[in-house]
>>> print(open('structure15.txt').read())   # compact mmCIF, C-alpha atoms
# COMPACT_ATOMS: atom_id res chain seq x y z
CA MET A 1 20.73 38.20 -20.86
CA LEU A 2 17.64 38.48 -23.07
CA LEU A 3 17.23 34.69 -23.21
CA ARG A 4 17.59 34.48 -19.43
CA ASN A 5 14.89 37.12 -18.93
CA VAL A 6 12.58 35.34 -21.38
CA ALA A 7 13.10 32.04 -19.55
CA SER A 8 12.46 33.73 -16.20
CA PHE A 9 9.26 35.32 -17.47
CA ALA A 10 8.07 32.03 -18.99
CA LYS A 11 8.62 30.25 -15.68
CA SER A 12 6.76 32.92 -13.71
CA ALA A 13 3.88 32.72 -16.18
CA LEU A 14 3.34 29.00 -15.54
CA PRO A 15 0.12 28.14 -13.69
CA THR A 16 0.59 27.44 -9.98
CA LEU A 17 -1.26 24.97 -7.82
CA ARG A 18 -1.52 24.62 -4.07
CA VAL A 19 -2.38 21.13 -2.86
CA THR A 20 -2.96 19.69 0.59
CA MET A 21 -2.58 15.92 0.72
CA VAL A 22 -2.90 13.22 3.35
CA ALA A 23 -1.31 9.79 2.97
CA GLY A 24 -1.68 7.54 5.96
CA GLU A 25 0.82 4.71 5.58
CA ALA A 26 3.68 3.31 3.50
CA SER A 27 1.48 2.19 0.58
CA GLY A 28 -0.32 5.55 0.54
CA ASP A 29 3.02 7.35 0.54
CA LEU A 30 4.06 5.39 -2.55
CA LEU A 31 0.78 6.14 -4.36
CA ALA A 32 0.98 9.81 -3.42
CA GLY A 33 4.55 10.03 -4.68
CA LEU A 34 3.47 8.80 -8.10
CA LEU A 35 0.53 11.22 -8.10
CA LEU A 36 2.88 14.09 -7.29
CA ASP A 37 4.97 13.19 -10.34
CA GLY A 38 1.93 13.72 -12.57
CA LEU A 39 0.91 16.95 -10.88
CA LYS A 40 4.42 18.39 -11.06
CA SER A 41 4.63 17.67 -14.78
CA ARG A 42 1.44 19.72 -15.24
CA TRP A 43 2.13 22.36 -12.54
CA PRO A 44 5.94 22.61 -12.14
CA LEU A 45 5.60 25.35 -9.51
CA MET A 46 3.11 23.37 -7.45
CA LEU A 47 3.19 23.64 -3.65
CA SER A 48 2.22 20.44 -1.82
CA GLN A 49 1.83 20.03 1.92
CA GLY A 50 0.02 18.05 4.61
CA ILE A 51 0.65 14.53 5.95
CA GLY A 52 3.06 12.34 4.04
CA GLY A 53 6.02 10.00 4.01
CA PRO A 54 9.51 9.76 2.52
CA GLN A 55 8.40 9.17 -1.09
CA MET A 56 6.40 12.41 -0.98
CA VAL A 57 9.12 14.36 0.80
CA GLN A 58 11.60 13.32 -1.90
CA ARG A 59 9.35 15.13 -4.36
CA GLY A 60 9.36 18.38 -2.41
CA PHE A 61 6.31 17.69 -0.22
CA ASP A 62 6.14 19.70 3.01
CA ALA A 63 5.16 17.07 5.61
CA TRP A 64 3.54 18.79 8.57
CA TRP A 65 3.18 15.35 10.15
CA PRO A 66 4.71 12.02 9.03
CA SER A 67 2.30 9.48 7.55
CA SER A 68 3.45 6.94 10.16
CA ARG A 69 1.36 8.84 12.75
CA LEU A 70 -1.78 7.51 11.02
CA ALA A 71 -0.56 3.99 10.24
CA VAL A 72 -2.82 2.05 12.59
CA ARG A 73 -5.10 -0.84 11.58
CA GLY A 74 -7.90 -2.49 13.53
CA TYR A 75 -10.69 -1.06 15.68
CA VAL A 76 -9.07 -1.76 19.04
CA GLU A 77 -5.67 -0.52 17.82
CA VAL A 78 -7.21 2.73 16.55
CA LEU A 79 -8.88 3.30 19.92
CA ARG A 80 -5.47 3.30 21.59
CA HIS A 81 -4.31 6.11 19.28
CA TYR A 82 -7.68 7.81 18.86
CA LEU A 83 -7.02 11.03 20.76
CA GLY A 84 -3.73 11.65 18.98
CA ILE A 85 -5.26 11.04 15.55
CA VAL A 86 -8.23 13.30 16.27
CA ARG A 87 -5.87 16.02 17.48
CA ILE A 88 -3.90 15.85 14.23
CA ARG A 89 -7.08 16.03 12.15
CA LYS A 90 -8.34 19.10 14.02
CA GLN A 91 -4.99 20.88 13.68
CA LEU A 92 -4.80 19.99 9.99
CA PHE A 93 -8.30 21.30 9.30
CA LYS A 94 -7.47 24.54 11.12
CA ARG A 95 -4.42 25.02 8.88
CA ILE A 96 -6.48 24.28 5.77
CA SER A 97 -9.16 26.77 6.86
CA LYS A 98 -6.62 29.55 7.43
CA ALA A 99 -4.91 29.03 4.06
CA PRO A 100 -7.29 27.10 1.74
CA PRO A 101 -5.56 25.06 -0.98
CA ASP A 102 -6.82 24.80 -4.55
CA VAL A 103 -7.60 21.14 -3.95
CA PHE A 104 -7.48 18.65 -1.10
CA ILE A 105 -6.42 15.11 -2.05
CA GLY A 106 -6.90 12.26 0.38
CA ILE A 107 -4.76 9.23 -0.41
CA ASP A 108 -6.54 6.10 0.78
CA ALA A 109 -6.86 6.11 4.65
CA PRO A 110 -10.67 6.52 4.37
CA ASP A 111 -11.33 6.46 8.12
CA PHE A 112 -9.21 9.59 8.49
CA ASN A 113 -9.72 11.25 5.13
CA LEU A 114 -13.44 10.97 4.31
CA SER A 115 -14.65 12.93 7.33
CA LEU A 116 -11.95 15.52 6.74
CA GLU A 117 -12.85 15.73 3.04
CA GLN A 118 -16.48 16.29 3.97
CA LYS A 119 -15.58 19.35 6.06
CA VAL A 120 -13.19 20.61 3.40
CA LYS A 121 -15.77 20.23 0.63
CA HIS A 122 -18.39 22.11 2.65
CA GLN A 123 -15.94 25.02 2.85
CA GLY A 124 -15.93 25.22 -0.93
CA ILE A 125 -12.55 23.53 -1.44
CA LYS A 126 -12.37 20.91 -4.19
CA SER A 127 -12.01 17.43 -2.73
CA VAL A 128 -10.47 14.44 -4.49
CA HIS A 129 -9.93 10.97 -3.07
CA PHE A 130 -7.34 8.61 -4.54
CA VAL A 131 -8.16 4.90 -4.09
CA CYS A 132 -11.82 4.08 -3.76
CA PRO A 133 -12.69 2.54 -0.37
CA SER A 134 -13.48 -1.15 -0.76
CA ILE A 135 -17.26 -0.72 -0.64
CA TRP A 136 -17.49 -3.78 -2.93
CA ALA A 137 -15.79 -5.89 -0.24
CA TRP A 138 -17.11 -4.53 3.04
CA ARG A 139 -18.85 -1.53 4.67
CA PRO A 140 -21.13 -0.70 1.69
CA HIS A 141 -22.87 2.00 3.77
CA ARG A 142 -19.80 4.15 3.16
CA ILE A 143 -21.17 5.09 -0.26
CA GLU A 144 -23.28 7.90 1.20
CA GLN A 145 -20.31 9.31 3.08
CA ILE A 146 -18.27 9.24 -0.13
CA LYS A 147 -21.04 11.06 -1.99
CA SER A 148 -21.12 13.89 0.55
CA SER A 149 -17.33 14.11 0.92
CA VAL A 150 -15.76 13.76 -2.51
CA ASP A 151 -15.99 15.81 -5.70
CA HIS A 152 -14.11 13.17 -7.66
CA MET A 153 -12.80 9.67 -7.02
CA LEU A 154 -9.62 8.35 -8.63
CA CYS A 155 -10.11 4.59 -9.01
CA ILE A 156 -7.36 2.00 -9.27
CA PHE A 157 -9.63 -0.85 -10.38
CA PRO A 158 -11.78 -0.61 -13.55
CA PHE A 159 -15.05 -1.96 -12.11
CA GLU A 160 -15.20 0.77 -9.45
CA VAL A 161 -16.15 3.60 -11.87
CA ASP A 162 -19.48 1.99 -12.85
CA LEU A 163 -20.25 1.15 -9.24
CA LEU A 164 -19.77 4.77 -8.17
CA ALA A 165 -21.69 6.10 -11.18
CA GLN A 166 -24.76 4.18 -9.98
CA HIS A 167 -24.73 6.48 -6.94
CA GLY A 168 -24.03 9.70 -8.83
CA ILE A 169 -20.36 9.92 -7.87
CA GLU A 170 -17.93 11.16 -10.53
CA ALA A 171 -14.88 8.96 -10.92
CA THR A 172 -12.00 8.18 -13.25
CA TYR A 173 -10.21 4.87 -13.71
CA VAL A 174 -6.50 5.70 -13.60
CA GLY A 175 -5.07 2.19 -13.41
CA HIS A 176 -3.00 1.01 -10.52
CA PRO A 177 0.21 3.05 -10.16
CA LEU A 178 2.14 -0.02 -9.09
CA ALA A 179 1.36 -1.74 -12.39
CA GLN A 180 3.28 0.98 -14.17
CA VAL A 181 6.23 1.01 -11.76
CA ILE A 182 6.71 -2.74 -11.44
CA PRO A 183 8.23 -4.32 -14.58
CA LEU A 184 6.18 -6.73 -16.65
CA ALA A 185 9.19 -9.07 -16.70
CA PRO A 186 10.96 -9.00 -13.31
CA SER A 187 14.63 -9.98 -13.01
CA PRO A 188 15.09 -12.23 -9.96
CA THR A 189 18.78 -12.81 -10.73
CA SER A 190 19.56 -9.09 -10.77
CA ALA A 191 17.53 -8.51 -7.60
CA ARG A 192 19.39 -11.26 -5.76
CA GLN A 193 22.71 -9.75 -6.78
CA LYS A 194 21.65 -6.40 -5.35
CA LEU A 195 20.66 -8.10 -2.09
CA ASN A 196 23.84 -10.26 -2.00
CA LEU A 197 21.80 -13.46 -1.91
CA SER A 198 22.52 -16.83 -3.46
CA PRO A 199 21.39 -16.94 -7.11
CA SER A 200 20.40 -20.61 -6.95
CA ALA A 201 19.06 -21.45 -3.47
CA PRO A 202 15.27 -21.11 -2.99
CA LEU A 203 14.35 -17.73 -1.51
CA ILE A 204 11.36 -16.89 0.65
CA ALA A 205 10.47 -13.23 1.23
CA LEU A 206 8.83 -12.60 4.61
CA LEU A 207 6.61 -9.49 4.61
CA PRO A 208 4.77 -9.26 7.96
CA GLY A 209 3.35 -5.79 7.28
CA SER A 210 4.14 -2.09 7.40
CA ARG A 211 2.33 -1.21 10.65
CA ALA A 212 3.51 -1.74 14.20
CA SER A 213 0.30 -3.63 15.01
CA GLU A 214 0.91 -6.03 12.13
CA ILE A 215 4.50 -6.62 13.21
CA HIS A 216 3.26 -7.29 16.75
CA TYR A 217 0.84 -10.00 15.63
CA LEU A 218 2.67 -11.50 12.64
CA ALA A 219 6.46 -11.14 12.74
CA SER A 220 7.17 -13.86 15.31
CA LYS A 221 4.77 -16.25 13.53
CA PHE A 222 6.52 -15.61 10.21
CA MET A 223 9.91 -16.32 11.82
CA GLU A 224 8.64 -19.53 13.39
CA ALA A 225 7.29 -20.57 9.98
CA ALA A 226 10.75 -19.92 8.52
CA ALA A 227 12.25 -22.25 11.13
CA LEU A 228 9.79 -25.00 10.16
CA ILE A 229 10.52 -24.51 6.46
CA HIS A 230 14.25 -24.71 7.21
CA GLN A 231 13.72 -28.05 8.96
CA ARG A 232 12.13 -29.45 5.79
CA ASN A 233 14.50 -27.75 3.35
CA PRO A 234 17.77 -26.43 4.86
CA SER A 235 18.82 -24.89 1.53
CA VAL A 236 16.05 -22.25 1.66
CA GLN A 237 17.15 -18.67 2.36
CA PHE A 238 14.96 -15.95 3.86
CA VAL A 239 14.85 -12.17 3.51
CA LEU A 240 12.68 -9.84 5.61
CA PRO A 241 12.48 -6.21 4.42
CA CYS A 242 11.73 -3.92 7.38
CA ALA A 243 9.26 -1.11 6.79
CA PRO A 244 10.57 2.41 7.57
CA GLY A 245 10.84 2.99 11.31
CA LEU A 246 9.99 -0.60 12.26
CA ARG A 247 13.41 -2.27 12.08
CA PRO A 248 14.15 -1.91 15.83
CA MET A 249 10.83 -3.58 16.67
CA ILE A 250 11.45 -6.38 14.16
CA GLU A 251 15.01 -6.93 15.35
CA ASN A 252 13.80 -7.23 18.96
CA ILE A 253 11.40 -9.94 17.87
CA GLY A 254 14.26 -11.51 15.89
CA MET A 255 16.46 -11.57 19.01
CA ALA A 256 13.76 -13.45 20.92
CA PHE A 257 13.51 -15.87 17.98
CA GLN A 258 17.27 -16.44 18.02
CA LYS A 259 17.24 -17.17 21.75
CA SER A 260 14.75 -19.97 21.20
CA HIS A 261 16.52 -21.12 18.02
CA PRO A 262 20.25 -20.41 18.61
CA GLN A 263 21.22 -22.70 15.74
CA LEU A 264 19.27 -20.42 13.35
CA ALA A 265 20.94 -17.14 14.35
CA ASN A 266 21.60 -16.09 10.74
CA LEU A 267 18.62 -17.75 9.10
CA ILE A 268 16.77 -14.54 8.21
CA ARG A 269 18.38 -11.61 6.40
CA PHE A 270 16.92 -8.24 7.48
CA THR A 271 17.01 -5.27 5.11
CA ASP A 272 16.01 -1.61 5.47
CA GLY A 273 12.99 -1.34 3.21
CA GLN A 274 13.67 -2.83 -0.25
CA SER A 275 10.41 -4.80 -0.19
CA HIS A 276 10.10 -4.54 -3.98
CA LEU A 277 13.61 -5.89 -4.43
CA ALA A 278 12.82 -8.77 -2.05
CA LEU A 279 9.64 -9.59 -3.97
CA GLU A 280 11.46 -9.47 -7.29
CA ALA A 281 14.18 -11.76 -5.96
CA CYS A 282 12.07 -14.39 -4.19
CA ASP A 283 10.53 -17.67 -5.29
CA VAL A 284 7.61 -17.44 -2.85
CA THR A 285 6.48 -14.82 -0.36
CA LEU A 286 4.78 -15.22 3.00
CA ILE A 287 2.95 -11.94 3.21
CA ALA A 288 0.48 -9.93 5.30
CA SER A 289 -2.84 -9.01 3.70
CA GLY A 290 -2.83 -5.55 2.16
CA THR A 291 -1.45 -3.64 -0.81
CA ALA A 292 1.76 -5.71 -0.65
CA THR A 293 -0.18 -8.73 -1.93
CA LEU A 294 -0.93 -6.85 -5.15
CA GLU A 295 2.74 -5.89 -5.40
CA ALA A 296 3.63 -9.57 -5.09
CA ALA A 297 1.12 -10.45 -7.83
CA LEU A 298 2.59 -7.81 -10.15
CA TYR A 299 6.01 -9.34 -9.55
CA LYS A 300 4.35 -12.64 -10.63
CA LYS A 301 5.14 -14.36 -7.33
CA PRO A 302 3.25 -17.21 -5.69
CA MET A 303 2.32 -16.23 -2.16
CA VAL A 304 0.74 -17.28 1.08
CA ILE A 305 -1.37 -14.50 2.56
CA ALA A 306 -1.57 -14.49 6.35
CA TYR A 307 -3.18 -12.15 8.82
CA ASN A 308 -3.73 -12.04 12.56
CA MET A 309 -5.03 -9.15 14.63
CA ASN A 310 -6.71 -8.24 17.90
CA PRO A 311 -9.61 -10.72 18.39
CA LEU A 312 -12.21 -7.99 18.93
CA SER A 313 -11.09 -6.10 15.81
CA TRP A 314 -11.28 -9.37 13.87
CA TRP A 315 -14.81 -10.09 15.10
CA ILE A 316 -16.01 -6.62 14.07
CA MET A 317 -14.39 -6.83 10.64
CA GLN A 318 -15.84 -10.28 9.98
CA ARG A 319 -19.36 -8.94 10.50
CA LYS A 320 -18.79 -6.29 7.81
CA ARG A 321 -17.19 -8.48 5.12
CA LEU A 322 -19.05 -8.96 1.83
CA GLN A 323 -16.65 -11.32 0.04
CA PRO A 324 -14.93 -14.57 1.00
CA TRP A 325 -11.49 -13.18 0.09
CA VAL A 326 -9.28 -10.58 1.76
CA GLY A 327 -6.23 -10.71 -0.52
CA LEU A 328 -6.30 -8.37 -3.53
CA PRO A 329 -5.12 -11.03 -6.03
CA ASN A 330 -8.02 -13.25 -4.97
CA ILE A 331 -10.53 -10.39 -4.98
CA LEU A 332 -9.50 -9.37 -8.51
CA GLY A 333 -9.50 -12.99 -9.66
CA GLN A 334 -12.78 -13.72 -7.83
CA ASP A 335 -11.28 -17.01 -6.68
CA PHE A 336 -8.72 -18.40 -4.27
CA TRP A 337 -5.75 -18.07 -6.60
CA VAL A 338 -3.46 -18.06 -3.56
CA PRO A 339 -4.06 -19.43 -0.04
CA GLU A 340 -5.26 -17.18 2.76
CA LEU A 341 -4.55 -18.03 6.40
CA LEU A 342 -6.54 -15.70 8.62
CA GLN A 343 -6.67 -15.30 12.40
CA ASP A 344 -6.76 -18.78 14.02
CA GLN A 345 -5.59 -20.40 10.77
CA ALA A 346 -2.50 -18.16 10.69
CA THR A 347 -0.25 -20.58 12.54
CA PRO A 348 3.45 -21.12 11.76
CA ALA A 349 2.75 -24.75 10.86
CA ASN A 350 0.03 -23.82 8.34
CA MET A 351 2.19 -21.06 6.87
CA ALA A 352 5.17 -23.37 6.43
CA SER A 353 3.03 -26.09 4.85
CA GLU A 354 1.49 -23.73 2.27
CA VAL A 355 4.84 -22.15 1.36
CA LEU A 356 6.44 -25.54 0.84
CA GLN A 357 3.57 -26.61 -1.42
CA TRP A 358 4.42 -23.73 -3.77
CA LEU A 359 8.08 -24.77 -3.84
CA ASP A 360 7.05 -28.32 -4.75
CA ALA A 361 4.59 -27.41 -7.55
CA PRO A 362 6.33 -25.68 -10.52
CA GLU A 363 3.38 -26.27 -12.89
CA ARG A 364 0.98 -24.65 -10.43
CA VAL A 365 3.37 -21.70 -10.14
CA GLU A 366 3.47 -21.24 -13.92
CA ARG A 367 -0.34 -21.20 -14.16
CA LEU A 368 -0.48 -18.55 -11.46
CA LYS A 369 2.17 -16.43 -13.21
CA THR A 370 0.11 -16.45 -16.42
CA ARG A 371 -2.89 -15.13 -14.49
CA PHE A 372 -0.76 -12.42 -12.90
CA VAL A 373 0.62 -11.31 -16.28
CA ASP A 374 -2.95 -10.81 -17.55
CA MET A 375 -3.82 -8.87 -14.38
CA HIS A 376 -0.76 -6.68 -14.84
CA HIS A 377 -1.77 -5.69 -18.37
CA GLU A 378 -5.30 -4.83 -17.22
CA LEU A 379 -4.06 -2.57 -14.42
CA ARG A 380 -1.26 -0.88 -16.37
CA ARG A 381 -2.10 2.70 -17.34
CA ASP A 382 -0.30 6.05 -17.34
CA THR A 383 -1.61 6.68 -13.85
CA SER A 384 0.31 9.87 -13.09
CA ALA A 385 -0.92 11.58 -16.28
CA LEU A 386 -4.51 10.33 -15.90
CA CYS A 387 -4.64 11.59 -12.29
CA ALA A 388 -3.32 15.02 -13.30
CA HIS A 389 -5.85 15.28 -16.15
CA ALA A 390 -8.74 14.28 -13.87
CA ILE A 391 -7.71 16.82 -11.21
CA GLU A 392 -7.39 19.52 -13.88
CA LYS A 393 -11.00 18.84 -14.91
CA VAL A 394 -12.14 19.03 -11.28
CA LEU A 395 -10.43 22.40 -10.86
CA ALA A 396 -12.02 23.70 -14.05
CA GLY A 397 -15.49 22.53 -13.03
>>> encode(input="structure15.txt", output="structure tokens")
Amino acid sequence: MLLRNVASFAKSALPTLRVTMVAGEASGDLLAGLLLDGLKSRWPLMLSQGIGGPQMVQRGFDAWWPSSRLAVRGYVEVLRHYLGIVRIRKQLFKRISKAPPDVFIGIDAPDFNLSLEQKVKHQGIKSVHFVCPSIWAWRPHRIEQIKSSVDHMLCIFPFEVDLLAQHGIEATYVGHPLAQVIPLAPSPTSARQKLNLSPSAPLIALLPGSRASEIHYLASKFMEAAALIHQRNPSVQFVLPCAPGLRPMIENIGMAFQKSHPQLANLIRFTDGQSHLALEACDVTLIASGTATLEAALYKKPMVIAYNMNPLSWWIMQRKRLQPWVGLPNILGQDFWVPELLQDQATPANMASEVLQWLDAPERVERLKTRFVDMHHELRRDTSALCAHAIEKVLAG
């Protein structure tokens, strides 16, 4: 009885922490889940709430809204959902104002989070942003908004800390969480067994994105590319991991594909999620631009990056770009390590051609893998612990 009372007292004496977080899409949900691991190890009795996805909920997060409500990319696409997104932000800020947390943490989603963080910070609530907006790639004017909105930035790339310091913004390099989660030496054989796929036939992973808008513009093109690849090499197998909530949409597109290609009815294997397993298992991936391209690089996989979006959104984004690359592996390498097929170049024929070139060039693949191993080591840090330590310093400041 005495030991039980001592244990109960010790638990009640632990410091508590109340956190409001916002993660706006599948990749943000994953990053936030890893951050929550670090915070919970430091504050076991922590209360976390806000906008999040399944990875966060699994860790005890109270999701007032699902992160999928914010998962929209492109200017025109955002306009279609603008009123709903603004309504959520207003309601969220009202809840924060009524019961202020110890710290607000925005996970990526800068268009939603930075303006909210600015209002939160002006109310005296500590504001932290995890994943520095890509001011080194486009929209450099955002630096002033960051300065007025964020008490501390958690950076996933090492060069970002010095860039922010030049503008008087405190930041900590915490490594990229994915570099810690993804193994340095993947096991394609084991992954294929888990997916019930042939251990010897070439495997292409099709990853057309985690947003409905991306699926709309890319999924059918990726399937048509698979058909062209099959014509050239009938032994190739295909797997398409469906992002949470998007399988019905993808399967509808797949049904239309099967009607036009009845002989290829079982060409593509659909899975619920399991994108990491698909990347670990594959020989090459045809992949939408975004965080998934870094995941593919950490799995040491050759890839073809493709992207297509609303023409007006594309025109606006092109005017704001600062670098010739959009894929993270190429941005980090400062070169076209892997091909990028964007907008009008993102045709099924071009996609198929580039994928087949990887399959026919083993020496080129090995050179790329060596580069990706070096990148993995550079990005690998104890991200969860570093994030928790940085947030502890912010709270003490």
>>> residues_around(input="structure15.txt", residues="A:His176", least_positions_apart="4", cutoff="8 Å", atoms="all atoms listed in the file", output="JSON, numbers by chain")
{"A": [156, 157, 180, 379, 380, 381, 383]}
>>> atom_distance(input="structure15.txt", atom1="atom CA of A:Leu246", atom2="atom CA of A:Gly24")
15.6 Å
>>> residues_around(input="structure15.txt", residues="A:Ala281", least_positions_apart="6", cutoff="6 Å", atoms="only C-alpha atoms", output="count of residues only")
3
>>> closest_residue(input="structure15.txt", among="A:Pro110, A:Ala63, A:Met21, A:Gln123", to="A:Arg142", atoms="all atoms listed in the file")
A:Pro110
>>> closest_residue(input="structure15.txt", among="A:Gln357, A:Ile96, A:Gln345, A:Ser313", to="A:Asn233", atoms="all atoms listed in the file")
A:Gln357
>>> closest_residue(input="structure15.txt", among="A:Ser48, A:Gly333, A:Phe130, A:Asp111", to="A:Thr172", atoms="all atoms listed in the file")
A:Phe130
>>> closest_residue(input="structure15.txt", among="A:Thr271, A:Met309, A:Leu342, A:Arg211", to="A:Pro324", atoms="all atoms listed in the file")
A:Leu342
>>> axis_aligned_box(input="structure15.txt", around="stretch 100-117 of chain A", padding_each_side="3 Å", output="JSON")
{"center_x": -9.7, "center_y": 16.6, "center_z": 2.0, "size_x": 15.9, "size_y": 27.0, "size_z": 19.0}
>>> atom_distance(input="structure15.txt", atom1="atom CA of A:Cys242", atom2="atom CA of A:Leu197")
16.7 Å
>>> atom_distance(input="structure15.txt", atom1="atom CA of A:Arg247", atom2="atom CA of A:Ile51")
22.0 Å
>>> residues_around(input="structure15.txt", residues="A:Ile204", least_positions_apart="4", cutoff="7 Å", atoms="only C-alpha atoms", output="list in words")
Gln237, Phe238, Val239, Cys282, Asp283, Val284 and Thr285 of chain A
>>> residues_around(input="structure15.txt", residues="A:Leu31", least_positions_apart="3", cutoff="12 Å", atoms="all atoms listed in the file", output="count of residues only")
41
>>> closest_residue(input="structure15.txt", among="A:Leu386, A:Ala352, A:Ile305, A:Glu160", to="A:Met223", atoms="only C-alpha atoms")
A:Ala352
>>> closest_residue(input="structure15.txt", among="A:Ser67, A:Lys126, A:Ala201, A:Arg89", to="A:Asp102", atoms="all atoms listed in the file")
A:Lys126
>>> residues_near_point(input="structure15.txt", point="(-8.3, -14.7, 19.6)", cutoff="12 Å", atoms="all atoms listed in the file", output="list in words")
Tyr217, Asn308, Met309, Asn310, Pro311, Leu312, Ser313, Trp314, Trp315, Leu342, Gln343, Asp344, Gln345 and Ala346 of chain A
>>> decode(input="structure15.txt", residues="stretch 108-129 of chain A", atoms="N, CA and C atoms", output="short mmCIF file (atom, residue, chain, number, x, y, z; two decimals), in the first residue's frame")
data_model
loop_
_atom_site.label_atom_id
_atom_site.label_comp_id
_atom_site.auth_asym_id
_atom_site.auth_seq_id
_atom_site.Cartn_x
_atom_site.Cartn_y
_atom_site.Cartn_z
N ASP A 108 3.95 22.05 -40.13
CA ASP A 108 3.93 22.35 -41.56
C ASP A 108 2.70 23.19 -41.89
N ALA A 109 1.97 22.91 -42.98
CA ALA A 109 0.75 23.64 -43.38
C ALA A 109 0.89 25.14 -43.14
N PRO A 110 1.91 25.81 -43.69
CA PRO A 110 2.16 27.22 -43.36
C PRO A 110 1.03 28.16 -43.74
N ASP A 111 0.31 27.88 -44.83
CA ASP A 111 -0.77 28.78 -45.23
C ASP A 111 -1.85 28.86 -44.16
N PHE A 112 -2.09 27.75 -43.48
CA PHE A 112 -3.07 27.73 -42.40
C PHE A 112 -2.45 28.17 -41.08
N ASN A 113 -1.27 27.64 -40.79
CA ASN A 113 -0.70 27.79 -39.44
C ASN A 113 -0.06 29.14 -39.15
N LEU A 114 0.63 29.74 -40.10
CA LEU A 114 1.39 30.96 -39.78
C LEU A 114 0.48 32.09 -39.33
N SER A 115 -0.62 32.29 -40.02
CA SER A 115 -1.53 33.38 -39.60
C SER A 115 -2.16 33.06 -38.26
N LEU A 116 -2.45 31.80 -38.02
CA LEU A 116 -3.00 31.41 -36.72
C LEU A 116 -1.95 31.58 -35.63
N GLU A 117 -0.72 31.20 -35.91
CA GLU A 117 0.37 31.35 -34.94
C GLU A 117 0.61 32.82 -34.59
N GLN A 118 0.44 33.69 -35.57
CA GLN A 118 0.62 35.11 -35.32
C GLN A 118 -0.39 35.62 -34.30
N LYS A 119 -1.64 35.21 -34.44
CA LYS A 119 -2.68 35.62 -33.49
C LYS A 119 -2.46 35.00 -32.12
N VAL A 120 -2.03 33.75 -32.11
CA VAL A 120 -1.76 33.05 -30.86
C VAL A 120 -0.60 33.71 -30.11
N LYS A 121 0.46 34.02 -30.84
CA LYS A 121 1.64 34.65 -30.23
C LYS A 121 1.29 36.00 -29.64
N HIS A 122 0.47 36.77 -30.33
CA HIS A 122 0.09 38.10 -29.84
C HIS A 122 -0.80 38.02 -28.59
N GLN A 123 -1.34 36.85 -28.31
CA GLN A 123 -2.09 36.65 -27.07
C GLN A 123 -1.19 36.19 -25.93
N GLY A 124 0.10 36.11 -26.19
CA GLY A 124 1.03 35.72 -25.14
C GLY A 124 1.26 34.22 -25.03
N ILE A 125 0.76 33.45 -25.98
CA ILE A 125 0.96 32.00 -25.98
C ILE A 125 2.21 31.68 -26.79
N LYS A 126 3.07 30.82 -26.26
CA LYS A 126 4.27 30.43 -26.98
C LYS A 126 3.89 29.73 -28.28
N SER A 127 4.62 30.07 -29.34
CA SER A 127 4.30 29.54 -30.66
C SER A 127 5.53 28.88 -31.28
N VAL A 128 5.36 27.63 -31.67
CA VAL A 128 6.45 26.86 -32.28
C VAL A 128 5.95 26.32 -33.62
N HIS A 129 6.81 26.36 -34.61
CA HIS A 129 6.44 25.80 -35.92
C HIS A 129 7.43 24.70 -36.28
#
